[in-house]
file model-v7.csv (CSV, C-alpha atoms)
chain,number,residue,atom,x,y,z
A,1,MET,CA,-14.7,-7.2,0.6
A,2,ARG,CA,-16.5,-10.0,-1.3
A,3,GLY,CA,-19.7,-11.0,0.4
A,4,LEU,CA,-19.6,-13.7,3.1
A,5,SER,CA,-22.2,-16.3,3.8
A,6,PHE,CA,-21.0,-16.4,7.4
A,7,LEU,CA,-21.5,-17.6,8.3
A,8,PHE,CA,0.7,-2.8,4.0
A,9,LEU,CA,9.8,-1.5,0.3
A,10,SER,CA,11.7,-4.3,1.1
A,11,GLY,CA,12.5,-5.0,4.8
A,12,LEU,CA,10.0,-5.4,7.6
A,13,GLY,CA,10.2,-2.0,9.2
A,14,VAL,CA,7.2,0.3,8.3
A,15,ALA,CA,7.6,4.0,7.9
A,16,SER,CA,4.0,5.2,7.7
A,17,ALA,CA,4.4,8.6,9.3
A,18,SER,CA,3.0,10.5,6.2
A,19,LEU,CA,-0.3,8.5,6.2
A,20,THR,CA,-3.2,10.4,7.7
A,21,TYR,CA,-5.2,7.2,8.3
A,22,LYS,CA,-3.5,4.0,9.6
A,23,GLY,CA,-6.4,1.8,10.3
A,24,PHE,CA,-8.2,-1.5,10.7
A,25,ASP,CA,-11.8,-2.5,10.0
A,26,ILE,CA,-13.1,-4.0,13.2
A,27,SER,CA,-16.8,-4.4,12.2
A,28,SER,CA,-17.2,-7.9,13.8
A,29,VAL,CA,-15.6,-7.1,17.2
A,30,GLY,CA,-18.8,-6.0,19.0
A,31,TYR,CA,-20.7,-9.2,18.5
A,32,LEU,CA,-17.6,-11.4,19.1
A,33,ASN,CA,-17.0,-9.7,22.4
A,34,ASP,CA,-20.7,-10.2,23.3
A,35,ALA,CA,-20.1,-13.9,22.5
A,36,GLY,CA,-17.2,-14.1,24.9
A,37,TYR,CA,-14.3,-13.6,22.5
A,38,THR,CA,-11.3,-11.7,23.9
A,39,TYR,CA,-8.0,-10.5,22.6
A,40,LYS,CA,-4.4,-10.6,23.7
A,41,THR,CA,-1.2,-8.6,22.9
A,42,THR,CA,1.8,-10.4,21.3
A,43,THR,CA,3.0,-10.9,24.9
A,44,GLY,CA,-0.3,-12.5,26.1
A,45,LYS,CA,-1.9,-9.6,28.0
A,46,THR,CA,-5.7,-9.3,27.6
A,47,ARG,CA,-6.7,-6.0,26.2
A,48,ALA,CA,-9.6,-4.5,24.2
A,49,LEU,CA,-9.0,-5.0,20.5
A,50,GLU,CA,-9.0,-1.3,19.8
A,51,THR,CA,-6.3,-0.8,22.5
A,52,ILE,CA,-4.1,-3.5,21.0
A,53,LEU,CA,-4.4,-1.9,17.5
A,54,SER,CA,-3.8,1.6,18.8
A,55,ASP,CA,-0.7,0.5,20.7
A,56,ALA,CA,0.4,-1.2,17.5
A,57,GLY,CA,0.4,2.1,15.6
A,58,ALA,CA,-3.2,2.5,14.3
A,59,ASN,CA,-5.0,5.8,14.6
A,60,SER,CA,-8.3,4.9,13.0
A,61,VAL,CA,-10.9,2.1,12.7
A,62,ARG,CA,-13.6,1.4,10.2
A,63,SER,CA,-17.0,-0.3,10.6
A,64,ARG,CA,-19.7,-1.3,8.1
A,65,LEU,CA,-23.3,-0.1,8.6
A,66,TRP,CA,-26.3,-2.1,7.4
A,67,VAL,CA,-29.8,-0.6,7.3
A,68,ASN,CA,-31.8,-3.3,8.9
A,69,PRO,CA,-29.6,-6.5,9.2
A,70,THR,CA,-31.4,-9.6,8.3
A,71,ASP,CA,-29.2,-12.3,10.0
A,72,THR,CA,-31.4,-13.3,12.9
A,73,SER,CA,-28.6,-15.3,14.5
A,74,LYS,CA,-26.7,-12.1,15.2
A,75,THR,CA,-29.6,-9.6,15.9
A,76,GLY,CA,-28.5,-6.0,15.5
A,77,VAL,CA,-25.0,-6.7,14.2
A,78,SER,CA,-23.9,-3.8,12.0
A,79,ASN,CA,-27.0,-1.8,12.5
A,80,LEU,CA,-27.0,1.9,13.7
A,81,ALA,CA,-27.0,1.1,17.4
A,82,TYR,CA,-24.2,-1.4,17.0
A,83,ASN,CA,-22.1,1.2,15.1
A,84,LEU,CA,-22.8,3.9,17.7
A,85,LYS,CA,-21.3,1.6,20.3
A,86,LEU,CA,-18.2,0.9,18.2
A,87,GLY,CA,-17.9,4.7,17.5
A,88,LYS,CA,-17.9,5.3,21.3
A,89,ARG,CA,-15.2,2.7,21.8
A,90,ALA,CA,-13.1,4.2,19.0
A,91,LYS,CA,-13.4,7.7,20.5
A,92,ALA,CA,-12.5,6.4,24.0
A,93,ALA,CA,-9.4,4.8,22.5
A,94,GLY,CA,-8.3,8.0,20.7
A,95,LEU,CA,-9.0,6.5,17.3
A,96,SER,CA,-10.8,8.3,14.4
A,97,PHE,CA,-13.9,6.5,13.0
A,98,PHE,CA,-14.6,5.6,9.4
A,99,LEU,CA,-18.2,4.7,8.8
A,100,ASP,CA,-18.8,2.5,5.8
A,101,ILE,CA,-22.5,2.8,4.7
A,102,HIS,CA,-23.6,-0.2,2.7
A,103,TYR,CA,-27.2,1.0,1.8
A,104,SER,CA,-28.3,-2.6,2.2
A,105,ASP,CA,-29.6,-4.9,4.9
A,106,SER,CA,-26.6,-7.2,4.4
A,107,TRP,CA,-23.4,-7.4,2.3
A,108,ALA,CA,-23.0,-4.8,-0.5
A,109,ASP,CA,-20.1,-5.7,-2.8
A,110,PRO,CA,-19.4,-6.4,-6.5
A,111,SER,CA,-21.8,-9.4,-6.5
A,112,GLN,CA,-24.7,-7.9,-4.6
A,113,GLN,CA,-26.1,-4.4,-3.9
A,114,THR,CA,-29.6,-5.3,-2.7
A,115,VAL,CA,-32.0,-2.6,-1.8
A,116,PRO,CA,-33.1,-2.7,1.8
A,117,ALA,CA,-36.3,-4.5,2.2
A,118,ALA,CA,-38.1,-1.5,3.6
A,119,TRP,CA,-37.2,0.5,0.5
A,120,SER,CA,-37.9,-2.2,-2.1
A,121,SER,CA,-41.3,-0.8,-3.2
A,122,LEU,CA,-40.1,2.8,-3.5
A,123,SER,CA,-40.2,4.6,-6.8
A,124,THR,CA,-36.8,5.9,-8.2
A,125,ASP,CA,-37.5,9.4,-7.0
A,126,ALA,CA,-38.6,8.2,-3.6
A,127,LEU,CA,-35.5,6.0,-3.3
A,128,VAL,CA,-33.2,8.9,-4.0
A,129,THR,CA,-35.0,10.9,-1.3
A,130,GLU,CA,-34.8,8.0,1.1
A,131,VAL,CA,-31.1,7.7,0.7
A,132,GLY,CA,-30.7,11.3,1.7
A,133,THR,CA,-33.1,11.0,4.6
A,134,TYR,CA,-31.5,7.8,5.9
A,135,THR,CA,-28.0,9.2,5.6
A,136,LYS,CA,-28.9,12.4,7.4
A,137,SER,CA,-30.6,10.4,10.2
A,138,VAL,CA,-27.6,8.2,10.7
A,139,LEU,CA,-25.2,11.0,10.9
A,140,GLN,CA,-27.5,13.0,13.2
A,141,SER,CA,-27.4,10.1,15.6
A,142,PHE,CA,-23.6,10.3,15.7
A,143,VAL,CA,-23.8,14.1,16.2
A,144,SER,CA,-26.3,13.7,19.1
A,145,ALA,CA,-24.1,11.1,20.7
A,146,ASP,CA,-21.0,13.3,20.3
A,147,ILE,CA,-19.2,10.8,18.3
A,148,PRO,CA,-17.1,12.3,15.5
A,149,ILE,CA,-16.7,10.6,12.1
A,150,ALA,CA,-13.6,11.2,10.1
A,151,ILE,CA,-14.8,9.5,6.9
A,152,VAL,CA,-18.1,8.5,5.5
A,153,SER,CA,-18.2,6.0,2.6
A,154,ILE,CA,-21.4,6.5,0.6
A,155,GLY,CA,-21.6,2.9,-0.6
A,156,ASN,CA,-19.3,-0.1,-0.5
A,157,GLU,CA,-17.4,-1.4,-3.5
A,158,ILE,CA,-19.8,0.2,-5.9
A,159,SER,CA,-17.9,-0.2,-9.3
A,160,ASP,CA,-21.1,-1.8,-10.6
A,161,GLY,CA,-23.4,0.6,-8.9
A,162,LEU,CA,-25.5,0.5,-5.7
A,163,LEU,CA,-29.1,-0.1,-4.7
A,164,TRP,CA,-29.8,-2.5,-7.6
A,165,PRO,CA,-31.6,-2.6,-9.9
A,166,VAL,CA,-32.2,1.2,-9.9
A,167,GLY,CA,-28.6,2.1,-9.4
A,168,LYS,CA,-27.0,-0.8,-11.3
A,169,VAL,CA,-24.5,-0.1,-14.1
A,170,PRO,CA,-25.2,1.1,-16.8
A,171,ASN,CA,-27.8,3.2,-15.1
A,172,TYR,CA,-25.2,5.9,-14.5
A,173,SER,CA,-27.8,8.7,-14.2
A,174,GLN,CA,-29.5,7.0,-11.2
A,175,ILE,CA,-26.1,6.1,-9.6
A,176,SER,CA,-25.2,9.8,-9.9
A,177,ARG,CA,-28.5,10.9,-8.3
A,178,LEU,CA,-28.2,8.4,-5.4
A,179,LEU,CA,-24.6,9.4,-4.6
A,180,GLN,CA,-25.5,13.1,-4.9
A,181,ALA,CA,-28.3,12.6,-2.4
A,182,ALA,CA,-26.0,10.8,0.0
A,183,SER,CA,-23.3,13.4,-0.3
A,184,LYS,CA,-25.7,16.3,0.3
A,185,ALA,CA,-26.9,14.6,3.5
A,186,VAL,CA,-23.4,14.2,4.8
A,187,ARG,CA,-22.4,17.8,4.0
A,188,ALA,CA,-25.6,19.1,5.6
A,189,THR,CA,-25.3,17.0,8.8
A,190,MET,CA,-21.6,16.5,9.5
A,191,SER,CA,-19.6,18.9,7.3
A,192,SER,CA,-16.3,18.0,9.0
A,193,ALA,CA,-16.5,14.4,7.7
A,194,LYS,CA,-14.8,13.5,4.5
A,195,ILE,CA,-16.9,11.8,1.9
A,196,ALA,CA,-15.4,8.7,0.2
A,197,ILE,CA,-16.6,6.8,-2.9
A,198,HIS,CA,-15.4,3.3,-2.6
A,199,LEU,CA,-14.8,1.0,-5.6
A,200,ASN,CA,-13.3,-2.5,-5.8
A,201,ASN,CA,-10.2,-3.5,-7.7
A,202,GLY,CA,-8.2,-0.3,-7.1
A,203,TRP,CA,-5.5,-1.6,-9.4
A,204,ASP,CA,-7.8,-1.6,-12.4
A,205,GLN,CA,-7.2,1.9,-13.9
A,206,SER,CA,-9.8,1.5,-16.6
A,207,LEU,CA,-12.5,0.4,-14.2
A,208,GLN,CA,-11.8,3.3,-11.9
A,209,LEU,CA,-11.7,6.0,-14.6
A,210,THR,CA,-14.7,4.7,-16.4
A,211,PHE,CA,-16.9,4.8,-13.3
A,212,TYR,CA,-16.1,8.4,-12.4
A,213,GLU,CA,-16.3,9.5,-16.1
A,214,LYS,CA,-19.7,8.0,-16.6
A,215,VAL,CA,-21.2,9.0,-13.2
A,216,LEU,CA,-19.9,12.6,-13.2
A,217,ALA,CA,-21.1,13.1,-16.8
A,218,GLN,CA,-24.7,12.8,-15.7
A,219,GLY,CA,-25.0,16.2,-14.2
A,220,TYR,CA,-26.0,15.2,-10.7
A,221,LEU,CA,-23.0,14.2,-8.6
A,222,THR,CA,-20.1,16.6,-9.1
A,223,SER,CA,-16.4,16.3,-8.2
A,224,SER,CA,-17.0,18.7,-5.3
A,225,ASP,CA,-19.5,16.2,-3.7
A,226,PHE,CA,-16.7,13.9,-2.5
A,227,ASP,CA,-13.2,14.1,-1.0
A,228,ILE,CA,-11.7,10.7,-1.3
A,229,GLN,CA,-11.4,8.1,-4.0
A,230,ALA,CA,-11.3,4.8,-2.0
A,231,VAL,CA,-10.5,1.3,-3.3
A,232,SER,CA,-10.2,-2.3,-2.3
A,233,PHE,CA,-6.9,-4.0,-3.0
A,234,TYR,CA,-6.5,-7.7,-2.4
A,235,PRO,CA,-3.8,-10.2,-3.5
A,236,PHE,CA,-6.1,-13.2,-4.1
A,237,TYR,CA,-8.9,-12.1,-6.5
A,238,GLY,CA,-6.7,-11.7,-9.5
A,239,THR,CA,-3.0,-11.5,-10.5
A,240,GLY,CA,-3.5,-8.0,-11.8
A,241,ALA,CA,-3.5,-6.6,-8.3
A,242,THR,CA,0.1,-5.5,-8.2
A,243,TYR,CA,1.7,-2.5,-6.5
A,244,SER,CA,2.7,-1.1,-9.8
A,245,ALA,CA,-0.8,-1.3,-11.2
A,246,LEU,CA,-2.3,0.2,-8.1
A,247,GLY,CA,0.2,3.1,-8.2
A,248,LYS,CA,-0.6,3.8,-11.9
A,249,SER,CA,-4.3,3.7,-11.3
A,250,ALA,CA,-4.1,6.0,-8.3
A,251,ALA,CA,-1.8,8.4,-10.2
A,252,ALA,CA,-4.3,8.5,-13.1
A,253,LEU,CA,-7.2,9.3,-10.7
A,254,VAL,CA,-5.2,12.1,-8.9
A,255,ALA,CA,-4.1,13.6,-12.3
A,256,LYS,CA,-7.7,13.8,-13.4
A,257,TYR,CA,-9.7,14.6,-10.2
A,258,ASN,CA,-7.1,15.8,-7.7
A,259,LYS,CA,-8.8,13.9,-4.8
A,260,GLU,CA,-7.3,12.1,-1.9
A,261,PHE,CA,-6.7,8.4,-2.4
A,262,LEU,CA,-7.3,5.7,0.2
A,263,VAL,CA,-7.0,1.9,0.3
A,264,ALA,CA,-10.2,1.2,2.3
A,265,GLU,CA,-9.7,-2.5,2.3
A,266,THR,CA,-6.7,-4.9,2.1
A,267,ASP,CA,-5.3,-7.9,3.7
A,268,PHE,CA,-2.8,-10.7,3.0
A,269,PRO,CA,-2.8,-14.3,4.1
A,270,GLU,CA,-0.8,-15.8,7.0
A,271,SER,CA,-1.7,-19.2,5.5
A,272,CYS,CA,-2.6,-20.0,1.9
A,273,SER,CA,-2.2,-22.8,-0.5
A,274,GLY,CA,-3.5,-23.5,-4.0
A,275,VAL,CA,-4.0,-19.8,-4.7
A,276,THR,CA,-1.9,-17.7,-7.1
A,277,LEU,CA,-1.2,-14.4,-5.3
A,278,SER,CA,-0.7,-11.1,-7.1
A,279,GLU,CA,2.8,-10.5,-5.6
A,280,SER,CA,5.6,-12.9,-4.8
A,281,ILE,CA,5.3,-12.7,-1.0
A,282,THR,CA,5.2,-15.9,1.1
A,283,PRO,CA,2.1,-16.2,3.2
A,284,SER,CA,3.1,-15.8,6.8
A,285,ALA,CA,3.1,-13.2,9.6
A,286,ALA,CA,6.3,-11.8,8.1
A,287,GLY,CA,4.6,-11.9,4.7
A,288,GLN,CA,1.6,-9.9,6.0
A,289,LYS,CA,3.9,-7.2,7.3
A,290,LYS,CA,5.9,-7.2,4.1
A,291,TRP,CA,2.7,-6.8,2.0
A,292,MET,CA,1.7,-3.8,4.1
A,293,THR,CA,5.2,-2.3,4.0
A,294,GLU,CA,5.2,-2.4,0.2
A,295,LEU,CA,1.7,-1.1,0.1
A,296,ILE,CA,2.5,1.8,2.4
A,297,SER,CA,5.4,2.7,0.1
A,298,THR,CA,3.1,2.6,-2.9
A,299,VAL,CA,0.4,4.8,-1.3
A,300,GLU,CA,3.0,7.3,0.0
A,301,ALA,CA,4.4,7.6,-3.5
A,302,ILE,CA,1.1,8.7,-5.1
A,303,PRO,CA,1.7,12.1,-6.7
A,304,SER,CA,1.0,15.4,-4.8
A,305,SER,CA,0.9,13.5,-1.5
A,306,LYS,CA,-2.6,12.4,-2.2
A,307,GLY,CA,-2.2,8.9,-0.8
A,308,VAL,CA,-3.7,9.4,2.7
A,309,GLY,CA,-4.2,6.0,4.2
A,310,ILE,CA,-4.8,2.2,4.4
A,311,PHE,CA,-7.2,0.0,6.3
A,312,TRP,CA,-6.6,-3.7,6.9
A,313,TRP,CA,-9.9,-5.5,6.7
A,314,GLU,CA,-11.2,-7.5,9.7
A,315,PRO,CA,-7.9,-8.5,11.3
A,316,ALA,CA,-9.6,-10.2,14.3
A,317,TRP,CA,-12.6,-12.0,13.0
A,318,LEU,CA,-11.6,-15.2,14.8
A,319,ASN,CA,-14.3,-17.5,13.6
A,320,ASN,CA,-13.9,-16.5,9.9
A,321,THR,CA,-10.2,-16.8,9.2
A,322,ALA,CA,-10.5,-16.9,5.4
A,323,LEU,CA,-12.3,-13.6,5.3
A,324,GLY,CA,-14.2,-14.5,2.1
A,325,SER,CA,-11.1,-15.6,0.2
A,326,SER,CA,-9.8,-19.1,-0.8
A,327,CYS,CA,-6.9,-18.7,1.6
A,328,ALA,CA,-7.1,-20.4,4.9
A,329,ASP,CA,-6.2,-17.5,7.2
A,330,SER,CA,-5.7,-13.8,6.7
A,331,LEU,CA,-6.1,-12.7,10.3
A,332,LEU,CA,-3.5,-10.8,12.5
A,333,PHE,CA,-4.6,-12.8,15.5
A,334,GLU,CA,-4.2,-16.5,16.3
A,335,ALA,CA,-7.3,-18.1,17.8
A,336,ASP,CA,-7.2,-20.3,20.9
A,337,TRP,CA,-10.3,-22.6,21.0
A,338,SER,CA,-9.2,-24.7,23.9
A,339,ALA,CA,-11.5,-23.1,26.4
A,340,TRP,CA,-14.6,-23.1,24.1
A,341,PRO,CA,-17.1,-21.5,24.3
A,342,LYS,CA,-14.6,-18.8,25.5
A,343,VAL,CA,-12.2,-18.0,22.7
A,344,SER,CA,-9.2,-15.7,22.7
A,345,GLY,CA,-7.1,-14.3,19.9
A,346,THR,CA,-3.4,-13.6,20.4
A,347,ALA,CA,-1.9,-10.9,18.2
A,348,ARG,CA,0.7,-12.1,15.6
A,349,SER,CA,3.8,-10.0,15.1
A,350,SER,CA,2.2,-8.7,11.9
A,351,VAL,CA,-0.2,-6.6,14.0
A,352,ASN,CA,2.6,-4.1,14.4
A,353,MET,CA,2.5,-3.1,10.7
A,354,PHE,CA,2.0,0.5,11.4
A,355,ALA,CA,4.5,0.8,14.3
call {"tool": "encode", "arguments": {"input": "model-v7.csv", "output": "structure tokens"}}
result
Amino acid sequence: MRGLSFLFLSGLGVASASLTYKGFDISSVGYLNDAGYTYKTTTGKTRALETILSDAGANSVRSRLWVNPTDTSKTGVSNLAYNLKLGKRAKAAGLSFFLDIHYSDSWADPSQQTVPAAWSSLSTDALVTEVGTYTKSVLQSFVSADIPIAIVSIGNEISDGLLWPVGKVPNYSQISRLLQAASKAVRATMSSAKIAIHLNNGWDQSLQLTFYEKVLAQGYLTSSDFDIQAVSFYPFYGTGATYSALGKSAAALVAKYNKEFLVAETDFPESCSGVTLSESITPSAAGQKKWMTELISTVEAIPSSKGVGIFWWEPAWLNNTALGSSCADSLLFEADWSAWPKVSGTARSSVNMFA
């Protein structure tokens, strides 16, 4: 998802039985709960967010990990300890866990991939080593806490590289080294976890193919070092983000690399004006469900059954309804501020998109 300043065929029934991962990114729920935010089912019953999502058909959740978060107003949010707590909650709810490592102290996305402050003076060789050491340490913490991880993303939306400036495009050799170090650490520490490489604009076939061609040509990262080609797919960052384009892009990746394909981030607005969306779907709760229904069909149609899952990004971030877009509201929960500072979010009908 684009950085924030802070601060899924026609018809509405969803047949997603063939998807391995039916998930939601719930990165913000921990600190929201700590601040007194609660969640309710569509019928008004207060439940833990992960329980509501599981009951609505989800089987997995995703969370972002920052190295040493710098936002002092939300101390510890998205750090390792925070993610261990979310991982425990996911496990208790019977949900698999998708860990999204940003390799930054804050947002890592197409506009920013800042080296963690503690790593900023490292030489290139030392930075490569530190990526491996850090990744291994993180995963060992999950192993020690008996928290399984289904997917580890080694970087977030890295079409233009990671850990800038060392790993910024066109420094493909260094990108390849950094990703290889991260991959080796995952394989050595938690071999059961699948490794994802996550790029933005999944609909852009040229962007996707160019990245992998360039990085894999360097002789460090190899195709055996990752399992999933993950993408972001949003309707409000460009009219090229159509189901047709996504399907063609995914098919091209599968034909060339034979990897699993995953939509790691998506969402669709409940309310939006003044923005040209990439598909002709009306913003509403029904529109959100239709967006996902069509997207599920697109992913399930990827050749060789390589389309394995979809994650809706941050459906319950009640005090950030725009989610970094120019649309007013892309949440799956309606916030009630009447008892401020206590805030509750009631699930919209669209929360049942995987049911």
call {"tool": "closest_residue", "arguments": {"input": "model-v7.csv", "among": "A:Ser192, A:Gln180, A:Gln112, A:Asn59", "to": "Pro148 (chain A)", "atoms": "only C-alpha atoms"}}
result
A:Ser192
call {"tool": "atom_distance", "arguments": {"input": "model-v7.csv", "atom1": "CA of Thr20 (chain A)", "atom2": "CA of Gly307 (chain A)"}}
result
8.7 Å
call {"tool": "residues_around", "arguments": {"input": "model-v7.csv", "residues": "Ala108 (chain A)", "least_positions_apart": "5", "cutoff": "8 Å", "atoms": "all atoms listed in the file", "output": "list in words"}}
result
Gly3, His102, Tyr103, Gln113, Thr114, Gly155, Asn156, Glu157 and Leu162 of chain A
call {"tool": "write_last_selection", "arguments": {"input": "model-v7.csv", "atoms": "C-alpha atoms", "output": "CSV table (one decimal), keeping the file's coordinate frame"}}
result
chain,number,residue,atom,x,y,z
A,3,GLY,CA,-19.7,-11.0,0.4
A,102,HIS,CA,-23.6,-0.2,2.7
A,103,TYR,CA,-27.2,1.0,1.8
A,113,GLN,CA,-26.1,-4.4,-3.9
A,114,THR,CA,-29.6,-5.3,-2.7
A,155,GLY,CA,-21.6,2.9,-0.6
A,156,ASN,CA,-19.3,-0.1,-0.5
A,157,GLU,CA,-17.4,-1.4,-3.5
A,162,LEU,CA,-25.5,0.5,-5.7
call {"tool": "closest_residue", "arguments": {"input": "model-v7.csv", "among": "A:Ser244, A:Asn352, A:Lys214, A:Phe333", "to": "Met292 (chain A)", "atoms": "all atoms listed in the file"}}
result
A:Asn352
call {"tool": "residues_around", "arguments": {"input": "model-v7.csv", "residues": "Asp204 (chain A)", "least_positions_apart": "2", "cutoff": "12 Å", "atoms": "all atoms listed in the file", "output": "PyMOL selection string"}}
result
chain A and resi 159+199-202+206-211+231-234+238-253
call {"tool": "axis_aligned_box", "arguments": {"input": "model-v7.csv", "around": "region 281-286 of chain A", "padding_each_side": "5 Å", "output": "JSON"}}
result
{"center_x": 4.2, "center_y": -14.0, "center_z": 4.3, "size_x": 14.2, "size_y": 14.4, "size_z": 20.6}
call {"tool": "atom_distance", "arguments": {"input": "model-v7.csv", "atom1": "CA of Leu53 (chain A)", "atom2": "CA of Ala301 (chain A)"}}
result
24.7 Å
call {"tool": "closest_residue", "arguments": {"input": "model-v7.csv", "among": "A:Asp100, A:Asp105, A:Asp329, A:Asp34", "to": "Phe311 (chain A)", "atoms": "all atoms listed in the file"}}
result
A:Asp100
call {"tool": "residues_around", "arguments": {"input": "model-v7.csv", "residues": "Thr124 (chain A)", "least_positions_apart": "5", "cutoff": "10 Å", "atoms": "only C-alpha atoms", "output": "CSV table (one decimal) with C-alpha atoms, in the frame of the given file"}}
result
chain,number,residue,atom,x,y,z
A,129,THR,CA,-35.0,10.9,-1.3
A,130,GLU,CA,-34.8,8.0,1.1
A,166,VAL,CA,-32.2,1.2,-9.9
A,167,GLY,CA,-28.6,2.1,-9.4
A,174,GLN,CA,-29.5,7.0,-11.2
A,177,ARG,CA,-28.5,10.9,-8.3
A,178,LEU,CA,-28.2,8.4,-5.4
call {"tool": "atom_distance", "arguments": {"input": "model-v7.csv", "atom1": "CA of Ser284 (chain A)", "atom2": "CA of Thr298 (chain A)"}}
result
20.8 Å
call {"tool": "closest_residue", "arguments": {"input": "model-v7.csv", "among": "A:Met190, A:Ile158, A:Cys327, A:Leu221", "to": "Phe236 (chain A)", "atoms": "all atoms listed in the file"}}
result
A:Cys327
call {"tool": "closest_residue", "arguments": {"input": "model-v7.csv", "among": "A:Pro315, A:Pro235, A:Gly132, A:Pro269", "to": "Val61 (chain A)", "atoms": "all atoms listed in the file"}}
result
A:Pro315
call {"tool": "closest_residue", "arguments": {"input": "model-v7.csv", "among": "A:Ala196, A:Val143, A:Val138, A:Ala335", "to": "Ala264 (chain A)", "atoms": "only C-alpha atoms"}}
result
A:Ala196
call {"tool": "residues_around", "arguments": {"input": "model-v7.csv", "residues": "Lys194 (chain A)", "least_positions_apart": "6", "cutoff": "9 Å", "atoms": "only C-alpha atoms", "output": "list in words"}}
result
Ile149, Ala150, Ile151, Val152, Ser153, Val186, Arg187, Phe226, Asp227 and Ile228 of chain A
call {"tool": "residues_near_point", "arguments": {"input": "model-v7.csv", "point": "(-6.9, 4.0, 4.1)", "cutoff": "10 Å", "atoms": "all atoms listed in the file", "output": "PyMOL selection string"}}
result
chain A and resi 19-24+60-62+98+228+230-232+261-266+296+299+307-312
call {"tool": "decode", "arguments": {"input": "model-v7.csv", "residues": "region 48-83 of chain A", "atoms": "C-alpha atoms", "output": "compact mmCIF listing (two decimals), in the first residue's frame"}}
result
# COMPACT_ATOMS: atom_id res chain seq x y z
CA ALA A 48 -12.39 -9.90 18.41
CA LEU A 49 -11.65 -8.71 14.89
CA GLU A 50 -9.94 -11.97 13.93
CA THR A 51 -12.99 -13.93 15.09
CA ILE A 52 -15.33 -11.80 12.97
CA LEU A 53 -13.11 -12.27 9.93
CA SER A 54 -12.74 -16.02 10.51
CA ASP A 55 -16.51 -16.40 10.86
CA ALA A 56 -16.83 -14.45 7.60
CA GLY A 57 -14.76 -17.03 5.71
CA ALA A 58 -11.17 -15.90 6.16
CA ASN A 59 -8.44 -18.42 6.94
CA SER A 60 -5.38 -16.17 7.10
CA VAL A 61 -4.22 -12.75 8.30
CA ARG A 62 -1.30 -10.57 7.31
CA SER A 63 0.75 -8.08 9.32
CA ARG A 64 3.58 -5.67 8.51
CA LEU A 65 6.86 -5.72 10.43
CA TRP A 66 9.04 -2.66 10.87
CA VAL A 67 12.58 -2.95 12.24
CA ASN A 68 12.54 -0.17 14.84
CA PRO A 69 9.37 1.92 14.38
CA THR A 70 10.00 5.63 14.62
CA ASP A 71 6.46 6.92 15.31
CA THR A 72 6.72 7.79 18.98
CA SER A 73 2.96 8.43 19.25
CA LYS A 74 2.40 4.68 18.78
CA THR A 75 5.46 3.18 20.48
CA GLY A 76 6.17 -0.36 19.39
CA VAL A 77 3.49 -0.55 16.73
CA SER A 78 4.50 -3.02 14.02
CA ASN A 79 7.73 -4.03 15.73
CA LEU A 80 8.66 -7.65 16.47
CA ALA A 81 6.96 -7.88 19.88
CA TYR A 82 3.78 -6.40 18.39
CA ASN A 83 3.79 -8.97 15.58
